[in-house]
Amino acid sequence: MTPTAPDAVDPAEEVRSWGWHVLQISSWLLVILLPLHLASIWLAHDAARVGVAFYVERWHSSTWRIVDWLFFMLALAHGGIGLSGVLGSLTADRRVRTAIAVALGVSLGGLALALSATIFSFDVV
């Protein structure tokens, strides 16, 4: 058995640290994007009018497509990392934690792909 150096970083702590930093960055960006989104939906437009026609009009601008995409991707990443941490802390078995992380990653990755395809291939004739 080889003794570990006192300053060696446990890989699990490194992953937690990486996830913590991503959560912090995404939360600050979401603090900026969420009021912009809410003001756009509730203040600048009639909320009852929000539907497909609203997004057809809104997504004529590539800027709004990018802002909406960034907002949704940040929300997915923030929620996914947070949920993975919460669900992973419910079990002590490393295999179950890995299965939870993989299932969550595949689910959120598929959702991110579908959302990206919808936003960027949406025909705004």
# chains A, B, ... in the order shown; residues from 1 in each chain; ligands from 1

$ residues_around --residues "segment 77-83 of chain A" --least-positions-apart "2" --cutoff "7 Å" --atoms "only C-alpha atoms" --output "PDB file with C-alpha atoms, in the first residue's frame"
ATOM      1  CA  GLY A  19     -19.658  21.018 -10.228  1.00  0.00           C
ATOM      2  CA  LEU A  23     -23.344  25.871 -10.388  1.00  0.00           C
ATOM      3  CA  SER A  26     -24.631  29.309 -14.101  1.00  0.00           C
ATOM      4  CA  MET A  73     -29.064  25.326 -21.603  1.00  0.00           C
ATOM      5  CA  LEU A  74     -27.897  27.086 -18.442  1.00  0.00           C
ATOM      6  CA  ALA A  75     -31.087  26.085 -16.652  1.00  0.00           C
ATOM      7  CA  GLY A  85     -25.624  15.958  -6.364  1.00  0.00           C
ATOM      8  CA  VAL A  86     -28.859  15.582  -4.420  1.00  0.00           C
ATOM      9  CA  LEU A  87     -29.713  12.151  -5.847  1.00  0.00           C
ATOM     10  CA  LEU A 104     -29.492  11.973 -15.668  1.00  0.00           C
TER      11      LEU A 104
END

$ atom_distance --atom1 "atom CA of Ala92 of chain A" --atom2 "atom CA of Ser107 of chain A"
22.5 Å

$ select_by_dssp --residues "chain A" --states "alpha helix (DSSP H)" --output "PyMOL selection string"
chain A and resi 11-38+52-58+62-88+94-121

$ write_last_selection --atoms "C-alpha atoms" --output "mmCIF file, in the first residue's frame"
data_model
loop_
_atom_site.group_PDB
_atom_site.id
_atom_site.type_symbol
_atom_site.label_atom_id
_atom_site.label_comp_id
_atom_site.auth_asym_id
_atom_site.auth_seq_id
_atom_site.Cartn_x
_atom_site.Cartn_y
_atom_site.Cartn_z
ATOM 1 C CA PRO A 11 -11.091 12.645 -7.381
ATOM 2 C CA ALA A 12 -14.598 12.846 -5.876
ATOM 3 C CA GLU A 13 -13.740 16.172 -4.230
ATOM 4 C CA GLU A 14 -12.331 17.452 -7.521
ATOM 5 C CA VAL A 15 -15.575 16.600 -9.321
ATOM 6 C CA ARG A 16 -17.607 18.250 -6.563
ATOM 7 C CA SER A 17 -15.423 21.320 -6.840
ATOM 8 C CA TRP A 18 -15.894 21.432 -10.623
ATOM 9 C CA GLY A 19 -19.658 21.018 -10.228
ATOM 10 C CA TRP A 20 -19.769 23.675 -7.541
ATOM 11 C CA HIS A 21 -18.010 26.177 -9.810
ATOM 12 C CA VAL A 22 -20.352 25.416 -12.702
ATOM 13 C CA LEU A 23 -23.344 25.871 -10.388
ATOM 14 C CA GLN A 24 -22.018 29.229 -9.195
ATOM 15 C CA ILE A 25 -21.317 30.530 -12.704
ATOM 16 C CA SER A 26 -24.631 29.309 -14.101
ATOM 17 C CA SER A 27 -26.581 30.736 -11.167
ATOM 18 C CA TRP A 28 -25.115 34.215 -11.704
ATOM 19 C CA LEU A 29 -25.827 34.056 -15.425
ATOM 20 C CA LEU A 30 -29.366 32.851 -14.729
ATOM 21 C CA VAL A 31 -29.846 35.757 -12.307
ATOM 22 C CA ILE A 32 -29.271 38.018 -15.318
ATOM 23 C CA LEU A 33 -31.215 36.003 -17.913
ATOM 24 C CA LEU A 34 -34.285 35.152 -15.821
ATOM 25 C CA PRO A 35 -35.465 38.748 -15.284
ATOM 26 C CA LEU A 36 -34.834 39.431 -18.993
ATOM 27 C CA HIS A 37 -36.975 36.421 -19.903
ATOM 28 C CA LEU A 38 -39.745 37.331 -17.445
ATOM 29 C CA VAL A 52 -46.190 29.512 -31.229
ATOM 30 C CA ALA A 53 -46.931 32.782 -33.045
ATOM 31 C CA PHE A 54 -45.076 34.687 -30.326
ATOM 32 C CA TYR A 55 -41.947 32.584 -30.832
ATOM 33 C CA VAL A 56 -42.209 32.754 -34.619
ATOM 34 C CA GLU A 57 -42.135 36.534 -34.315
ATOM 35 C CA ARG A 58 -39.468 36.531 -31.602
ATOM 36 C CA SER A 62 -31.030 35.447 -34.156
ATOM 37 C CA THR A 63 -30.198 37.338 -30.962
ATOM 38 C CA TRP A 64 -33.399 36.104 -29.305
ATOM 39 C CA ARG A 65 -32.685 32.560 -30.473
ATOM 40 C CA ILE A 66 -29.262 32.660 -28.843
ATOM 41 C CA VAL A 67 -30.568 34.284 -25.641
ATOM 42 C CA ASP A 68 -33.390 31.720 -25.325
ATOM 43 C CA TRP A 69 -31.038 28.829 -26.105
ATOM 44 C CA LEU A 70 -28.460 30.054 -23.594
ATOM 45 C CA PHE A 71 -31.147 30.494 -20.947
ATOM 46 C CA PHE A 72 -32.500 26.969 -21.426
ATOM 47 C CA MET A 73 -29.064 25.326 -21.603
ATOM 48 C CA LEU A 74 -27.897 27.086 -18.442
ATOM 49 C CA ALA A 75 -31.087 26.085 -16.652
ATOM 50 C CA LEU A 76 -30.651 22.450 -17.759
ATOM 51 C CA ALA A 77 -26.988 22.367 -16.701
ATOM 52 C CA HIS A 78 -27.698 24.056 -13.381
ATOM 53 C CA GLY A 79 -30.635 21.800 -12.589
ATOM 54 C CA GLY A 80 -28.863 18.663 -13.787
ATOM 55 C CA ILE A 81 -25.730 19.204 -11.729
ATOM 56 C CA GLY A 82 -27.770 20.122 -8.669
ATOM 57 C CA LEU A 83 -30.115 17.154 -9.057
ATOM 58 C CA SER A 84 -27.193 14.798 -9.614
ATOM 59 C CA GLY A 85 -25.624 15.958 -6.364
ATOM 60 C CA VAL A 86 -28.859 15.582 -4.420
ATOM 61 C CA LEU A 87 -29.713 12.151 -5.847
ATOM 62 C CA GLY A 88 -26.109 10.972 -5.540
ATOM 63 C CA ARG A 94 -20.664 4.131 -5.991
ATOM 64 C CA ARG A 95 -22.315 2.068 -8.767
ATOM 65 C CA VAL A 96 -25.758 3.466 -7.987
ATOM 66 C CA ARG A 97 -24.379 7.025 -7.957
ATOM 67 C CA THR A 98 -22.725 6.385 -11.315
ATOM 68 C CA ALA A 99 -25.954 4.936 -12.731
ATOM 69 C CA ILE A 100 -27.888 7.977 -11.496
ATOM 70 C CA ALA A 101 -25.355 10.362 -13.034
ATOM 71 C CA VAL A 102 -25.363 8.498 -16.368
ATOM 72 C CA ALA A 103 -29.173 8.297 -16.522
ATOM 73 C CA LEU A 104 -29.492 11.973 -15.668
ATOM 74 C CA GLY A 105 -26.788 12.924 -18.176
ATOM 75 C CA VAL A 106 -28.390 10.924 -20.980
ATOM 76 C CA SER A 107 -31.850 12.333 -20.193
ATOM 77 C CA LEU A 108 -30.696 15.936 -19.998
ATOM 78 C CA GLY A 109 -28.411 15.495 -23.012
ATOM 79 C CA GLY A 110 -31.341 14.221 -25.082
ATOM 80 C CA LEU A 111 -33.489 17.099 -23.882
ATOM 81 C CA ALA A 112 -30.719 19.585 -24.720
ATOM 82 C CA LEU A 113 -30.373 18.115 -28.217
ATOM 83 C CA ALA A 114 -34.120 18.262 -28.843
ATOM 84 C CA LEU A 115 -34.293 21.825 -27.549
ATOM 85 C CA SER A 116 -31.315 22.902 -29.656
ATOM 86 C CA ALA A 117 -32.791 21.308 -32.748
ATOM 87 C CA THR A 118 -36.106 23.044 -32.102
ATOM 88 C CA ILE A 119 -34.618 26.485 -31.556
ATOM 89 C CA PHE A 120 -32.065 26.463 -34.368
ATOM 90 C CA SER A 121 -34.075 24.634 -37.037
#

$ atom_distance --atom1 "atom CA of His60 of chain A" --atom2 "atom CA of Phe122 of chain A"
9.8 Å
